[in-house]
$ cat start_24.cif   # mmCIF, C-alpha atoms
data_work
#
loop_
_atom_site.label_atom_id
_atom_site.label_comp_id
_atom_site.auth_asym_id
_atom_site.auth_seq_id
_atom_site.Cartn_x
_atom_site.Cartn_y
_atom_site.Cartn_z
CA MET E 1 0.00 0.00 0.00
CA ASP E 2 1.23 3.50 -0.87
CA LEU E 3 0.72 6.34 1.59
CA PRO E 4 -1.32 9.39 0.52
CA VAL E 5 0.67 12.30 -0.93
CA ILE E 6 0.06 15.99 -0.22
CA ASP E 7 1.66 18.71 -2.35
CA LEU E 8 2.29 21.75 -0.15
CA ALA E 9 2.84 24.15 -3.06
CA PRO E 10 -0.80 25.33 -3.39
CA TYR E 11 -1.00 26.10 0.34
CA LEU E 12 2.39 27.84 0.33
CA SER E 13 1.14 30.21 -2.37
CA VAL E 14 -1.30 31.78 0.12
CA GLY E 15 0.01 30.32 3.40
CA GLY E 16 1.11 33.69 4.71
CA GLY E 17 -2.45 35.00 4.65
CA ASP E 18 -4.93 34.95 7.49
CA GLY E 19 -6.58 31.71 8.52
CA LEU E 20 -9.97 32.54 7.00
CA LYS E 21 -8.47 33.23 3.57
CA VAL E 22 -6.39 30.05 3.66
CA ALA E 23 -9.36 28.00 4.86
CA SER E 24 -11.61 29.34 2.11
CA GLU E 25 -9.07 28.70 -0.66
CA HIS E 26 -7.57 25.44 0.58
CA GLY E 27 -10.04 24.13 3.14
CA GLU E 28 -10.54 20.86 1.28
CA LEU E 29 -6.79 20.22 1.14
CA CYS E 30 -6.45 21.02 4.86
CA ARG E 31 -9.32 18.69 5.73
CA GLU E 32 -7.59 15.98 3.72
CA VAL E 33 -4.39 16.45 5.76
CA SER E 34 -6.30 16.20 9.06
CA ARG E 35 -8.24 13.15 7.82
CA ILE E 36 -5.03 11.34 6.82
CA LEU E 37 -3.34 12.09 10.14
CA ARG E 38 -6.46 10.92 12.02
CA GLU E 39 -7.00 7.73 10.03
CA MET E 40 -3.42 6.74 9.15
CA GLY E 41 -1.05 8.66 11.39
CA ALA E 42 1.36 9.21 8.45
CA LEU E 43 1.53 10.91 5.08
CA LEU E 44 3.98 11.86 2.35
CA VAL E 45 4.46 15.51 1.45
CA LYS E 46 6.08 17.32 -1.44
CA ASP E 47 7.62 20.62 -0.34
CA PRO E 48 9.26 22.64 -3.15
CA ARG E 49 11.59 24.22 -0.57
CA CYS E 50 13.12 20.80 0.30
CA THR E 51 15.03 19.62 -2.74
CA VAL E 52 16.59 16.29 -3.66
CA GLU E 53 19.97 18.04 -3.61
CA ASP E 54 19.40 19.18 -0.01
CA ASN E 55 18.60 15.64 1.09
CA ASP E 56 21.58 14.17 -0.80
CA ARG E 57 24.04 16.70 0.63
CA PHE E 58 22.91 15.86 4.16
CA ILE E 59 23.01 12.07 3.65
CA ASP E 60 26.43 12.25 1.94
CA MET E 61 27.87 13.98 5.01
CA MET E 62 26.23 11.62 7.50
CA GLU E 63 27.37 8.53 5.55
CA LYS E 64 30.93 9.84 5.78
CA TYR E 65 30.54 10.45 9.51
CA PHE E 66 28.96 7.10 10.38
CA ASP E 67 31.63 5.33 8.30
CA SER E 68 34.28 6.78 10.64
CA PRO E 69 35.91 4.42 13.17
CA PRO E 70 33.86 3.81 16.34
CA GLU E 71 36.60 5.33 18.52
CA PHE E 72 36.32 8.59 16.52
CA LYS E 73 32.55 8.68 16.82
CA ARG E 74 32.68 8.03 20.56
CA LEU E 75 34.60 11.29 20.99
CA HIS E 76 31.25 12.98 20.32
CA GLU E 77 29.34 11.01 22.94
CA ARG E 78 27.80 13.03 25.80
CA PRO E 79 26.18 10.58 28.25
CA ASN E 80 26.32 13.25 30.98
CA PHE E 81 23.75 15.16 28.91
CA HIS E 82 21.64 12.01 28.49
CA TYR E 83 22.74 11.78 24.82
CA GLN E 84 20.62 14.83 23.95
CA VAL E 85 23.61 16.32 22.10
CA GLY E 86 26.25 14.52 20.06
CA VAL E 87 26.33 10.86 19.16
CA THR E 88 24.39 7.98 20.70
CA PRO E 89 26.13 4.61 20.16
CA PRO E 90 24.37 1.28 19.67
CA GLY E 91 23.01 -0.32 22.81
CA VAL E 92 21.66 2.85 24.44
CA GLU E 93 18.17 3.49 23.05
CA VAL E 94 15.68 0.95 24.39
CA PRO E 95 12.39 0.48 22.49
CA LYS E 96 9.39 0.49 24.78
CA SER E 97 8.26 -2.85 23.41
CA VAL E 98 11.23 -4.51 25.13
CA VAL E 99 9.97 -3.87 28.68
CA ASN E 100 6.37 -2.66 28.41
CA GLU E 101 4.12 -5.63 29.15
CA GLU E 102 0.98 -3.91 27.85
CA MET E 103 2.65 -3.27 24.49
CA GLN E 104 3.96 -6.85 24.38
CA ALA E 105 0.42 -8.15 24.94
CA LYS E 106 -0.88 -5.99 22.09
CA ILE E 107 1.83 -7.33 19.78
CA LYS E 108 0.89 -10.94 20.59
CA ALA E 109 -2.77 -10.15 19.86
CA MET E 110 -1.96 -8.83 16.37
CA PRO E 111 -2.48 -10.99 13.28
CA LYS E 112 0.78 -12.75 12.43
CA GLU E 113 1.26 -10.74 9.22
CA SER E 114 0.95 -7.45 11.13
CA GLN E 115 3.28 -8.24 14.00
CA PRO E 116 6.57 -6.33 14.29
CA SER E 117 9.95 -7.94 14.72
CA ILE E 118 10.40 -8.58 18.44
CA PRO E 119 13.42 -6.69 19.82
CA LYS E 120 15.47 -8.61 22.36
CA GLY E 121 17.33 -5.61 23.74
CA PRO E 122 18.50 -2.07 22.97
CA ASP E 123 18.62 -0.75 19.39
CA GLY E 124 21.67 -1.51 17.24
CA LYS E 125 21.86 1.85 15.46
CA TRP E 126 23.94 4.99 15.94
CA ARG E 127 22.21 8.37 16.26
CA TYR E 128 23.39 11.99 16.19
CA MET E 129 21.44 14.64 18.11
CA TRP E 130 21.58 18.23 16.85
CA ARG E 131 19.42 20.95 18.40
CA ALA E 132 17.59 22.98 15.80
CA GLY E 133 16.12 26.46 15.81
CA PRO E 134 15.89 29.09 18.55
CA GLN E 135 15.26 27.59 21.99
CA THR E 136 14.50 29.22 25.29
CA SER E 137 17.24 29.31 27.91
CA LYS E 138 14.71 29.92 30.70
CA SER E 139 12.99 26.54 30.81
CA ARG E 140 12.95 24.68 34.13
CA PHE E 141 13.07 21.40 32.20
CA ARG E 142 16.22 19.66 30.97
CA VAL E 143 18.28 22.76 31.82
CA GLN E 144 21.60 20.92 31.64
CA GLU E 145 20.97 19.56 28.14
CA LEU E 146 19.53 22.82 26.81
CA ASN E 147 22.70 24.68 27.84
CA ALA E 148 25.08 22.05 26.49
CA GLU E 149 27.38 23.14 23.69
CA PRO E 150 26.62 21.62 20.26
CA VAL E 151 29.05 18.85 19.32
CA ILE E 152 30.82 19.37 15.98
CA PRO E 153 33.12 16.57 14.74
CA GLU E 154 36.62 17.49 13.58
CA GLY E 155 37.24 17.16 9.86
CA PHE E 156 33.72 18.24 8.87
CA PRO E 157 33.95 21.99 8.10
CA GLU E 158 30.53 21.86 6.43
CA TRP E 159 28.86 20.26 9.48
CA LYS E 160 27.14 23.22 11.13
CA GLU E 161 25.85 24.80 7.94
CA THR E 162 24.60 21.49 6.52
CA MET E 163 22.84 20.47 9.74
CA ASN E 164 21.24 23.88 10.29
CA SER E 165 20.15 24.28 6.67
CA TRP E 166 18.46 20.88 6.44
CA ALA E 167 16.92 21.25 9.89
CA TYR E 168 15.45 24.65 8.97
CA LYS E 169 13.85 23.24 5.82
CA LEU E 170 12.40 20.24 7.64
CA ILE E 171 10.88 22.31 10.45
CA SER E 172 9.43 24.67 7.84
CA ALA E 173 7.66 21.73 6.20
CA ILE E 174 6.37 20.52 9.58
CA GLU E 175 4.99 23.96 10.42
CA VAL E 176 3.01 24.06 7.18
CA VAL E 177 1.54 20.61 7.79
CA ALA E 178 0.72 21.62 11.38
CA GLU E 179 -1.12 24.72 10.14
CA MET E 180 -3.03 22.71 7.54
CA ALA E 181 -3.96 20.07 10.10
CA ALA E 182 -5.21 22.72 12.52
CA ILE E 183 -7.43 24.30 9.87
CA GLY E 184 -8.65 20.87 8.82
CA PHE E 185 -9.59 20.06 12.42
CA GLY E 186 -11.54 23.31 12.73
CA LEU E 187 -8.97 24.90 15.05
CA PRO E 188 -7.22 28.27 14.65
CA LYS E 189 -4.47 28.18 12.06
CA ASP E 190 -1.76 28.60 14.71
CA ALA E 191 -3.28 26.21 17.26
CA PHE E 192 -0.29 23.86 16.98
CA THR E 193 2.48 26.14 15.69
CA SER E 194 2.01 28.68 18.50
CA LEU E 195 2.90 25.90 20.95
CA MET E 196 6.05 25.00 19.00
CA LYS E 197 7.87 28.32 19.41
CA GLN E 198 11.30 27.96 21.08
CA ALA E 199 10.69 24.24 21.54
CA PRO E 200 13.57 21.73 21.80
CA HIS E 201 13.44 20.50 18.20
CA TYR E 202 16.11 17.99 17.13
CA LEU E 203 17.60 16.87 13.85
CA ALA E 204 18.46 13.31 14.86
CA PRO E 205 19.80 11.22 11.96
CA THR E 206 20.44 7.53 12.53
CA GLY E 207 23.15 5.35 11.02
CA SER E 208 22.68 1.60 10.56
CA ASP E 209 25.64 -0.52 9.39
CA LEU E 210 24.34 -2.69 6.56
CA CYS E 211 27.82 -4.03 5.88
CA ARG E 212 27.83 -5.82 9.26
CA TYR E 213 24.09 -6.35 9.71
CA GLY E 214 22.68 -6.58 6.20
CA GLN E 215 20.97 -9.94 6.59
CA GLU E 216 17.20 -9.99 6.09
CA GLY E 217 15.47 -9.73 9.45
CA SER E 218 18.23 -7.73 11.18
CA LEU E 219 16.55 -5.19 13.46
CA PHE E 220 17.99 -1.70 13.89
CA THR E 221 15.13 0.15 15.57
CA GLY E 222 12.60 -1.80 17.59
CA TYR E 223 8.83 -1.26 17.51
CA HIS E 224 8.01 2.06 19.23
CA TYR E 225 6.25 5.42 19.01
CA ASP E 226 7.88 8.86 19.08
CA LEU E 227 7.29 11.02 22.16
CA ASN E 228 7.34 14.33 20.25
CA PHE E 229 4.74 16.25 18.17
CA LEU E 230 5.42 15.38 14.52
CA THR E 231 8.40 13.45 13.11
CA ILE E 232 9.59 14.07 9.56
CA HIS E 233 12.05 12.05 7.48
CA GLY E 234 13.81 12.76 4.22
CA ARG E 235 14.12 9.82 1.85
CA SER E 236 16.65 7.19 2.92
CA ARG E 237 18.76 5.43 0.30
CA PHE E 238 17.81 2.07 1.76
CA PRO E 239 14.26 0.84 2.51
CA GLY E 240 13.44 -0.83 5.82
CA LEU E 241 11.02 1.46 7.65
CA ASN E 242 7.78 -0.27 8.60
CA ILE E 243 4.91 1.74 10.06
CA TRP E 244 1.54 0.77 11.50
CA LEU E 245 -1.58 2.64 10.46
CA ASN E 246 -4.23 3.43 13.05
CA ASN E 247 -6.26 0.42 11.90
CA GLY E 248 -3.33 -1.86 12.80
CA GLN E 249 -2.21 -2.46 9.22
CA LYS E 250 1.56 -2.86 8.77
CA VAL E 251 3.03 -0.91 5.83
CA GLU E 252 6.56 -1.02 4.43
CA VAL E 253 7.13 2.63 3.56
CA LYS E 254 8.13 3.64 0.05
CA VAL E 255 9.19 7.29 -0.08
CA PRO E 256 9.49 8.58 -3.67
CA VAL E 257 12.51 10.69 -4.63
CA GLY E 258 11.94 14.30 -3.58
CA TYR E 259 9.28 13.54 -0.95
CA LEU E 260 9.18 13.65 2.84
CA LEU E 261 7.48 11.30 5.29
CA LEU E 262 5.60 12.65 8.33
CA GLN E 263 4.33 10.60 11.25
CA THR E 264 2.35 11.63 14.32
CA GLY E 265 3.96 11.55 17.75
CA LYS E 266 2.61 11.28 21.28
CA GLN E 267 2.32 15.04 21.79
CA MET E 268 0.00 15.27 18.77
CA GLU E 269 -2.05 12.43 20.26
CA TRP E 270 -2.31 14.41 23.51
CA LEU E 271 -3.44 17.64 21.82
CA THR E 272 -6.17 15.81 19.87
CA ALA E 273 -7.39 13.62 22.76
CA GLY E 274 -6.32 10.49 20.92
CA GLU E 275 -7.92 11.45 17.61
CA CYS E 276 -4.45 11.25 16.03
CA LYS E 277 -2.68 8.25 17.53
CA ALA E 278 1.11 8.25 17.88
CA GLY E 279 2.36 6.18 14.96
CA MET E 280 4.18 2.92 15.69
CA HIS E 281 7.21 2.03 13.57
CA GLU E 282 10.41 -0.03 13.31
CA VAL E 283 13.48 -0.23 11.05
CA VAL E 284 14.39 -3.74 9.90
CA VAL E 285 16.29 -5.27 6.96
CA THR E 286 13.69 -6.46 4.45
CA LYS E 287 13.95 -8.12 1.06
CA ARG E 288 13.83 -4.67 -0.54
CA THR E 289 16.70 -3.59 1.72
CA THR E 290 18.88 -6.52 0.63
CA GLU E 291 18.19 -5.68 -3.02
CA ALA E 292 19.27 -2.08 -2.39
CA ILE E 293 22.40 -3.36 -0.61
CA LYS E 294 23.37 -5.45 -3.66
CA LEU E 295 22.91 -2.45 -5.96
CA ALA E 296 24.89 -0.11 -3.69
CA SER E 297 27.71 -2.68 -3.40
CA ALA E 298 27.89 -3.05 -7.18
CA GLN E 299 28.10 0.75 -7.50
CA ASN E 300 30.70 1.00 -4.69
CA ARG E 301 28.41 3.25 -2.60
CA SER E 302 28.20 3.52 1.18
CA LEU E 303 26.41 0.71 3.01
CA TRP E 304 25.30 2.90 5.91
CA ARG E 305 21.55 3.38 6.07
CA VAL E 306 21.08 7.02 7.08
CA SER E 307 17.71 8.41 8.11
CA SER E 308 17.31 12.19 8.21
CA THR E 309 14.93 12.04 11.15
CA PHE E 310 13.70 15.34 12.61
CA PHE E 311 11.74 15.50 15.87
CA SER E 312 9.51 18.57 16.26
CA HIS E 313 8.32 19.29 19.78
CA ILE E 314 5.85 21.34 21.74
CA ALA E 315 7.66 23.96 23.87
CA SER E 316 8.69 22.57 27.27
CA GLU E 317 6.74 25.19 29.25
CA ALA E 318 3.59 24.85 27.09
CA VAL E 319 0.75 22.78 28.50
CA LEU E 320 -0.17 19.58 26.72
CA LYS E 321 -3.96 19.20 26.79
CA PRO E 322 -6.72 18.49 24.28
CA LEU E 323 -7.29 21.66 22.23
CA GLY E 324 -10.60 23.29 21.29
CA HIS E 325 -13.40 20.83 20.59
CA PHE E 326 -11.08 17.91 21.39
CA ALA E 327 -11.50 18.86 25.06
CA GLU E 328 -15.12 17.66 24.74
CA SER E 329 -14.05 14.19 23.60
CA PRO E 330 -15.04 11.32 25.91
CA LEU E 331 -11.35 10.31 25.79
CA ALA E 332 -10.07 13.72 26.93
CA GLY E 333 -9.73 12.46 30.51
CA LYS E 334 -6.94 10.13 29.37
CA TYR E 335 -4.88 13.20 28.47
CA PRO E 336 -4.71 15.41 31.59
CA PRO E 337 -3.04 18.85 31.41
CA MET E 338 0.73 18.52 31.76
CA CYS E 339 3.72 20.65 30.75
CA ALA E 340 5.34 19.18 27.65
CA GLY E 341 8.70 19.28 29.44
CA GLU E 342 7.36 17.16 32.27
CA TYR E 343 5.96 14.62 29.83
CA VAL E 344 9.29 14.39 27.96
CA GLU E 345 11.22 13.96 31.20
CA ARG E 346 8.94 11.06 32.17
CA GLU E 347 9.55 9.34 28.83
CA LEU E 348 13.30 9.92 28.92
CA ALA E 349 13.48 8.64 32.50
CA PHE E 350 12.01 5.36 31.22
CA GLN E 351 14.63 5.15 28.46
CA ARG E 352 17.44 5.59 31.00
CA GLU E 353 16.24 2.79 33.28
#
$ encode --input "start_24.cif" --output "structure tokens"
Amino acid sequence: MDLPVIDLAPYLSVGGGDGLKVASEHGELCREVSRILREMGALLVKDPRCTVEDNDRFIDMMEKYFDSPPEFKRLHERPNFHYQVGVTPPGVEVPKSVVNEEMQAKIKAMPKESQPSIPKGPDGKWRYMWRAGPQTSKSRFRVQELNAEPVIPEGFPEWKETMNSWAYKLISAIEVVAEMAAIGFGLPKDAFTSLMKQAPHYLAPTGSDLCRYGQEGSLFTGYHYDLNFLTIHGRSRFPGLNIWLNNGQKVEVKVPVGYLLLQTGKQMEWLTAGECKAGMHEVVVTKRTTEAIKLASAQNRSLWRVSSTFFSHIASEAVLKPLGHFAESPLAGKYPPMCAGEYVERELAFQRE
């Protein structure tokens, strides 16, 4: 199954106008975005501001970095900041499905063809965390991490500009989708984006070594949801991302060249009282991955699977609670008011256990 595709160009042509004008001219398109997020939890977007060249430049740099020796990469490890800056080595990130008994029970109840690969321990991927955009220095949450210096590897003079440029373009795409979703849900245009200002957004690419772990069935990222608002990915050069739609259907994602993938996170679920469920996903070597590995090997290309993952967040001091008419939902009680920073700290505390 192919995911629905939304072209952002028509909205961008009038997106700077007031909400009523945008809603009148592109209301149907906005309602389509909100419907897809509600029913599927994921969609593909085409943003003319995010080019194939931008994505390639970023992935080229990250392939070079992840191909560096492990001892070089570990110089950029900051465990004292809970890996919220710099590199995270394999064996640190623990998918919730490893220890959460409720999630394990749900997996066992799934039809066999829809079940994820069962992780037996921490993830086997590398990750690099890069803070993106202006962030408040006054938050009472995660103060140590927020004030940590960014980590820039030696030998990569283009690092800062490449990371910041790609991050800016990805957050710009997220903001447009967030505006369209708000209009589609019958909320003010800035219902979501106003809560994202000075939030701790992260460009967080992962690197998976297909040279060592390229056998079909190898699991790099175990079954989990994202704790943030919306997650966006540029196209990876190797397939392997499986997602689960809100109806439980498992889908191996195919991102066309020049497109971006968005998936809902737990903060979006909170703001919509469960109308938009946090999307479950995993990264595993599939038959399509092994075919891509053979082609890359024949062309003498890198065998690191890089994802250009970007986590957009709600500002730490903003209150997570069902917005507008979602507050009237019978499920609203499951999503009590809570500062986004407090929620994130609870999730991260679980990951550190």
$ closest_residue --input "start_24.cif" --among "E:Ala9, E:Val253, E:Leu227, E:Ile232" --to "Ile171 (chain E)" --atoms "all atoms listed in the file"
E:Ile232
$ resolve_selection --input "start_24.cif" --expression "the PyMOL selection byres ((chain E and resi 196-206) around 6)" --output "PDB file with C-alpha atoms, in the frame of the given file"
ATOM      1  CA  TRP E 126      23.940   4.990  15.940  1.00  0.00           C
ATOM      2  CA  ARG E 127      22.210   8.370  16.260  1.00  0.00           C
ATOM      3  CA  TYR E 128      23.390  11.990  16.190  1.00  0.00           C
ATOM      4  CA  MET E 129      21.440  14.640  18.110  1.00  0.00           C
ATOM      5  CA  TRP E 130      21.580  18.230  16.850  1.00  0.00           C
ATOM      6  CA  ARG E 131      19.420  20.950  18.400  1.00  0.00           C
ATOM      7  CA  ALA E 132      17.590  22.980  15.800  1.00  0.00           C
ATOM      8  CA  PRO E 134      15.890  29.090  18.550  1.00  0.00           C
ATOM      9  CA  GLN E 135      15.260  27.590  21.990  1.00  0.00           C
ATOM     10  CA  THR E 136      14.500  29.220  25.290  1.00  0.00           C
ATOM     11  CA  ALA E 167      16.920  21.250   9.890  1.00  0.00           C
ATOM     12  CA  THR E 193       2.480  26.140  15.690  1.00  0.00           C
ATOM     13  CA  SER E 194       2.010  28.680  18.500  1.00  0.00           C
ATOM     14  CA  LEU E 195       2.900  25.900  20.950  1.00  0.00           C
ATOM     15  CA  GLY E 207      23.150   5.350  11.020  1.00  0.00           C
ATOM     16  CA  VAL E 306      21.080   7.020   7.080  1.00  0.00           C
ATOM     17  CA  SER E 307      17.710   8.410   8.110  1.00  0.00           C
ATOM     18  CA  SER E 308      17.310  12.190   8.210  1.00  0.00           C
ATOM     19  CA  THR E 309      14.930  12.040  11.150  1.00  0.00           C
ATOM     20  CA  PHE E 310      13.700  15.340  12.610  1.00  0.00           C
ATOM     21  CA  PHE E 311      11.740  15.500  15.870  1.00  0.00           C
ATOM     22  CA  SER E 312       9.510  18.570  16.260  1.00  0.00           C
ATOM     23  CA  HIS E 313       8.320  19.290  19.780  1.00  0.00           C
ATOM     24  CA  ILE E 314       5.850  21.340  21.740  1.00  0.00           C
ATOM     25  CA  ALA E 315       7.660  23.960  23.870  1.00  0.00           C
TER      26      ALA E 315
END
$ residues_around --input "start_24.cif" --residues "Leu210 (chain E)" --least-positions-apart "2" --cutoff "9 Å" --atoms "all atoms listed in the file" --output "number ranges by chain"
E: 208, 212-215, 285, 290, 293, 303-305
$ closest_residue --input "start_24.cif" --among "E:Met103, E:Ala292, E:Ile59, E:Leu3" --to "Gln115 (chain E)" --atoms "only C-alpha atoms"
E:Met103
$ resolve_selection --input "start_24.cif" --expression "the PyMOL selection byres ((chain E and resi 40-56) around 9)" --output "VMD selection string"
chain E and resid 3 to 9 12 33 35 to 39 57 to 61 162 165 to 166 169 to 170 172 to 173 177 234 to 236 243 to 247 255 to 265 276 to 280 308
$ write_last_selection --input "start_24.cif" --atoms "C-alpha atoms" --output "PDB file, keeping the file's coordinate frame"
ATOM      1  CA  LEU E   3       0.720   6.340   1.590  1.00  0.00           C
ATOM      2  CA  PRO E   4      -1.320   9.390   0.520  1.00  0.00           C
ATOM      3  CA  VAL E   5       0.670  12.300  -0.930  1.00  0.00           C
ATOM      4  CA  ILE E   6       0.060  15.990  -0.220  1.00  0.00           C
ATOM      5  CA  ASP E   7       1.660  18.710  -2.350  1.00  0.00           C
ATOM      6  CA  LEU E   8       2.290  21.750  -0.150  1.00  0.00           C
ATOM      7  CA  ALA E   9       2.840  24.150  -3.060  1.00  0.00           C
ATOM      8  CA  LEU E  12       2.390  27.840   0.330  1.00  0.00           C
ATOM      9  CA  VAL E  33      -4.390  16.450   5.760  1.00  0.00           C
ATOM     10  CA  ARG E  35      -8.240  13.150   7.820  1.00  0.00           C
ATOM     11  CA  ILE E  36      -5.030  11.340   6.820  1.00  0.00           C
ATOM     12  CA  LEU E  37      -3.340  12.090  10.140  1.00  0.00           C
ATOM     13  CA  ARG E  38      -6.460  10.920  12.020  1.00  0.00           C
ATOM     14  CA  GLU E  39      -7.000   7.730  10.030  1.00  0.00           C
ATOM     15  CA  ARG E  57      24.040  16.700   0.630  1.00  0.00           C
ATOM     16  CA  PHE E  58      22.910  15.860   4.160  1.00  0.00           C
ATOM     17  CA  ILE E  59      23.010  12.070   3.650  1.00  0.00           C
ATOM     18  CA  ASP E  60      26.430  12.250   1.940  1.00  0.00           C
ATOM     19  CA  MET E  61      27.870  13.980   5.010  1.00  0.00           C
ATOM     20  CA  THR E 162      24.600  21.490   6.520  1.00  0.00           C
ATOM     21  CA  SER E 165      20.150  24.280   6.670  1.00  0.00           C
ATOM     22  CA  TRP E 166      18.460  20.880   6.440  1.00  0.00           C
ATOM     23  CA  LYS E 169      13.850  23.240   5.820  1.00  0.00           C
ATOM     24  CA  LEU E 170      12.400  20.240   7.640  1.00  0.00           C
ATOM     25  CA  SER E 172       9.430  24.670   7.840  1.00  0.00           C
ATOM     26  CA  ALA E 173       7.660  21.730   6.200  1.00  0.00           C
ATOM     27  CA  VAL E 177       1.540  20.610   7.790  1.00  0.00           C
ATOM     28  CA  GLY E 234      13.810  12.760   4.220  1.00  0.00           C
ATOM     29  CA  ARG E 235      14.120   9.820   1.850  1.00  0.00           C
ATOM     30  CA  SER E 236      16.650   7.190   2.920  1.00  0.00           C
ATOM     31  CA  ILE E 243       4.910   1.740  10.060  1.00  0.00           C
ATOM     32  CA  TRP E 244       1.540   0.770  11.500  1.00  0.00           C
ATOM     33  CA  LEU E 245      -1.580   2.640  10.460  1.00  0.00           C
ATOM     34  CA  ASN E 246      -4.230   3.430  13.050  1.00  0.00           C
ATOM     35  CA  ASN E 247      -6.260   0.420  11.900  1.00  0.00           C
ATOM     36  CA  VAL E 255       9.190   7.290  -0.080  1.00  0.00           C
ATOM     37  CA  PRO E 256       9.490   8.580  -3.670  1.00  0.00           C
ATOM     38  CA  VAL E 257      12.510  10.690  -4.630  1.00  0.00           C
ATOM     39  CA  GLY E 258      11.940  14.300  -3.580  1.00  0.00           C
ATOM     40  CA  TYR E 259       9.280  13.540  -0.950  1.00  0.00           C
ATOM     41  CA  LEU E 260       9.180  13.650   2.840  1.00  0.00           C
ATOM     42  CA  LEU E 261       7.480  11.300   5.290  1.00  0.00           C
ATOM     43  CA  LEU E 262       5.600  12.650   8.330  1.00  0.00           C
ATOM     44  CA  GLN E 263       4.330  10.600  11.250  1.00  0.00           C
ATOM     45  CA  THR E 264       2.350  11.630  14.320  1.00  0.00           C
ATOM     46  CA  GLY E 265       3.960  11.550  17.750  1.00  0.00           C
ATOM     47  CA  CYS E 276      -4.450  11.250  16.030  1.00  0.00           C
ATOM     48  CA  LYS E 277      -2.680   8.250  17.530  1.00  0.00           C
ATOM     49  CA  ALA E 278       1.110   8.250  17.880  1.00  0.00           C
ATOM     50  CA  GLY E 279       2.360   6.180  14.960  1.00  0.00           C
ATOM     51  CA  MET E 280       4.180   2.920  15.690  1.00  0.00           C
ATOM     52  CA  SER E 308      17.310  12.190   8.210  1.00  0.00           C
TER      53      SER E 308
END
$ closest_residue --input "start_24.cif" --among "E:Lys138, E:Arg301, E:Lys73, E:Lys250" --to "Glu113 (chain E)" --atoms "all atoms listed in the file"
E:Lys250
$ residues_around --input "start_24.cif" --residues "Lys189 (chain E)" --least-positions-apart "5" --cutoff "8 Å" --atoms "only C-alpha atoms" --output "JSON, numbers by chain"
{"E": [19, 179, 180, 182, 183]}
$ atom_distance --input "start_24.cif" --atom1 "CA of Gly155 (chain E)" --atom2 "CA of His233 (chain E)"
25.8 Å
$ atom_distance --input "start_24.cif" --atom1 "CA of Asn300 (chain E)" --atom2 "CA of Asn164 (chain E)"
28.9 Å
$ atom_distance --input "start_24.cif" --atom1 "CA of Phe326 (chain E)" --atom2 "CA of Gly248 (chain E)"
22.9 Å
$ residues_around --input "start_24.cif" --residues "Val151 (chain E)" --least-positions-apart "6" --cutoff "7 Å" --atoms "only C-alpha atoms" --output "PDB file with C-alpha atoms, in the frame of the given file"
ATOM      1  CA  HIS E  76      31.250  12.980  20.320  1.00  0.00           C
ATOM      2  CA  VAL E  85      23.610  16.320  22.100  1.00  0.00           C
ATOM      3  CA  GLY E  86      26.250  14.520  20.060  1.00  0.00           C
TER       4      GLY E  86
END
$ closest_residue --input "start_24.cif" --among "E:Asn228, E:Ser68, E:Ser34, E:Thr286" --to "Phe185 (chain E)" --atoms "all atoms listed in the file"
E:Ser34
$ residues_around --input "start_24.cif" --residues "Val283 (chain E)" --least-positions-apart "4" --cutoff "9 Å" --atoms "only C-alpha atoms" --output "mmCIF file with C-alpha atoms, in the frame of the given file"
data_model
loop_
_atom_site.group_PDB
_atom_site.id
_atom_site.type_symbol
_atom_site.label_atom_id
_atom_site.label_comp_id
_atom_site.auth_asym_id
_atom_site.auth_seq_id
_atom_site.Cartn_x
_atom_site.Cartn_y
_atom_site.Cartn_z
ATOM 1 C CA SER E 218 18.230 -7.730 11.180
ATOM 2 C CA LEU E 219 16.550 -5.190 13.460
ATOM 3 C CA PHE E 220 17.990 -1.700 13.890
ATOM 4 C CA THR E 221 15.130 0.150 15.570
ATOM 5 C CA GLY E 222 12.600 -1.800 17.590
ATOM 6 C CA TYR E 223 8.830 -1.260 17.510
ATOM 7 C CA PRO E 239 14.260 0.840 2.510
ATOM 8 C CA GLY E 240 13.440 -0.830 5.820
ATOM 9 C CA LEU E 241 11.020 1.460 7.650
ATOM 10 C CA ASN E 242 7.780 -0.270 8.600
ATOM 11 C CA ILE E 243 4.910 1.740 10.060
#
$ resolve_selection --input "start_24.cif" --expression "the PyMOL selection byres ((chain E and resi 347) around 12)" --output "PyMOL selection string"
chain E and resi 93-96+225-228+266-267+340-346+348-353
$ closest_residue --input "start_24.cif" --among "E:Asp2, E:Lys160, E:Leu29, E:Glu154" --to "Ala181 (chain E)" --atoms "all atoms listed in the file"
E:Leu29
$ residues_around --input "start_24.cif" --residues "His325 (chain E)" --least-positions-apart "3" --cutoff "10 Å" --atoms "all atoms listed in the file" --output "list of chain:residue names"
E:Phe185, E:Gly186, E:Leu187, E:Thr272, E:Ala273, E:Pro322, E:Glu328, E:Ser329
$ closest_residue --input "start_24.cif" --among "E:Pro89, E:Gly133, E:Pro116, E:Gly184" --to "Glu71 (chain E)" --atoms "all atoms listed in the file"
E:Pro89
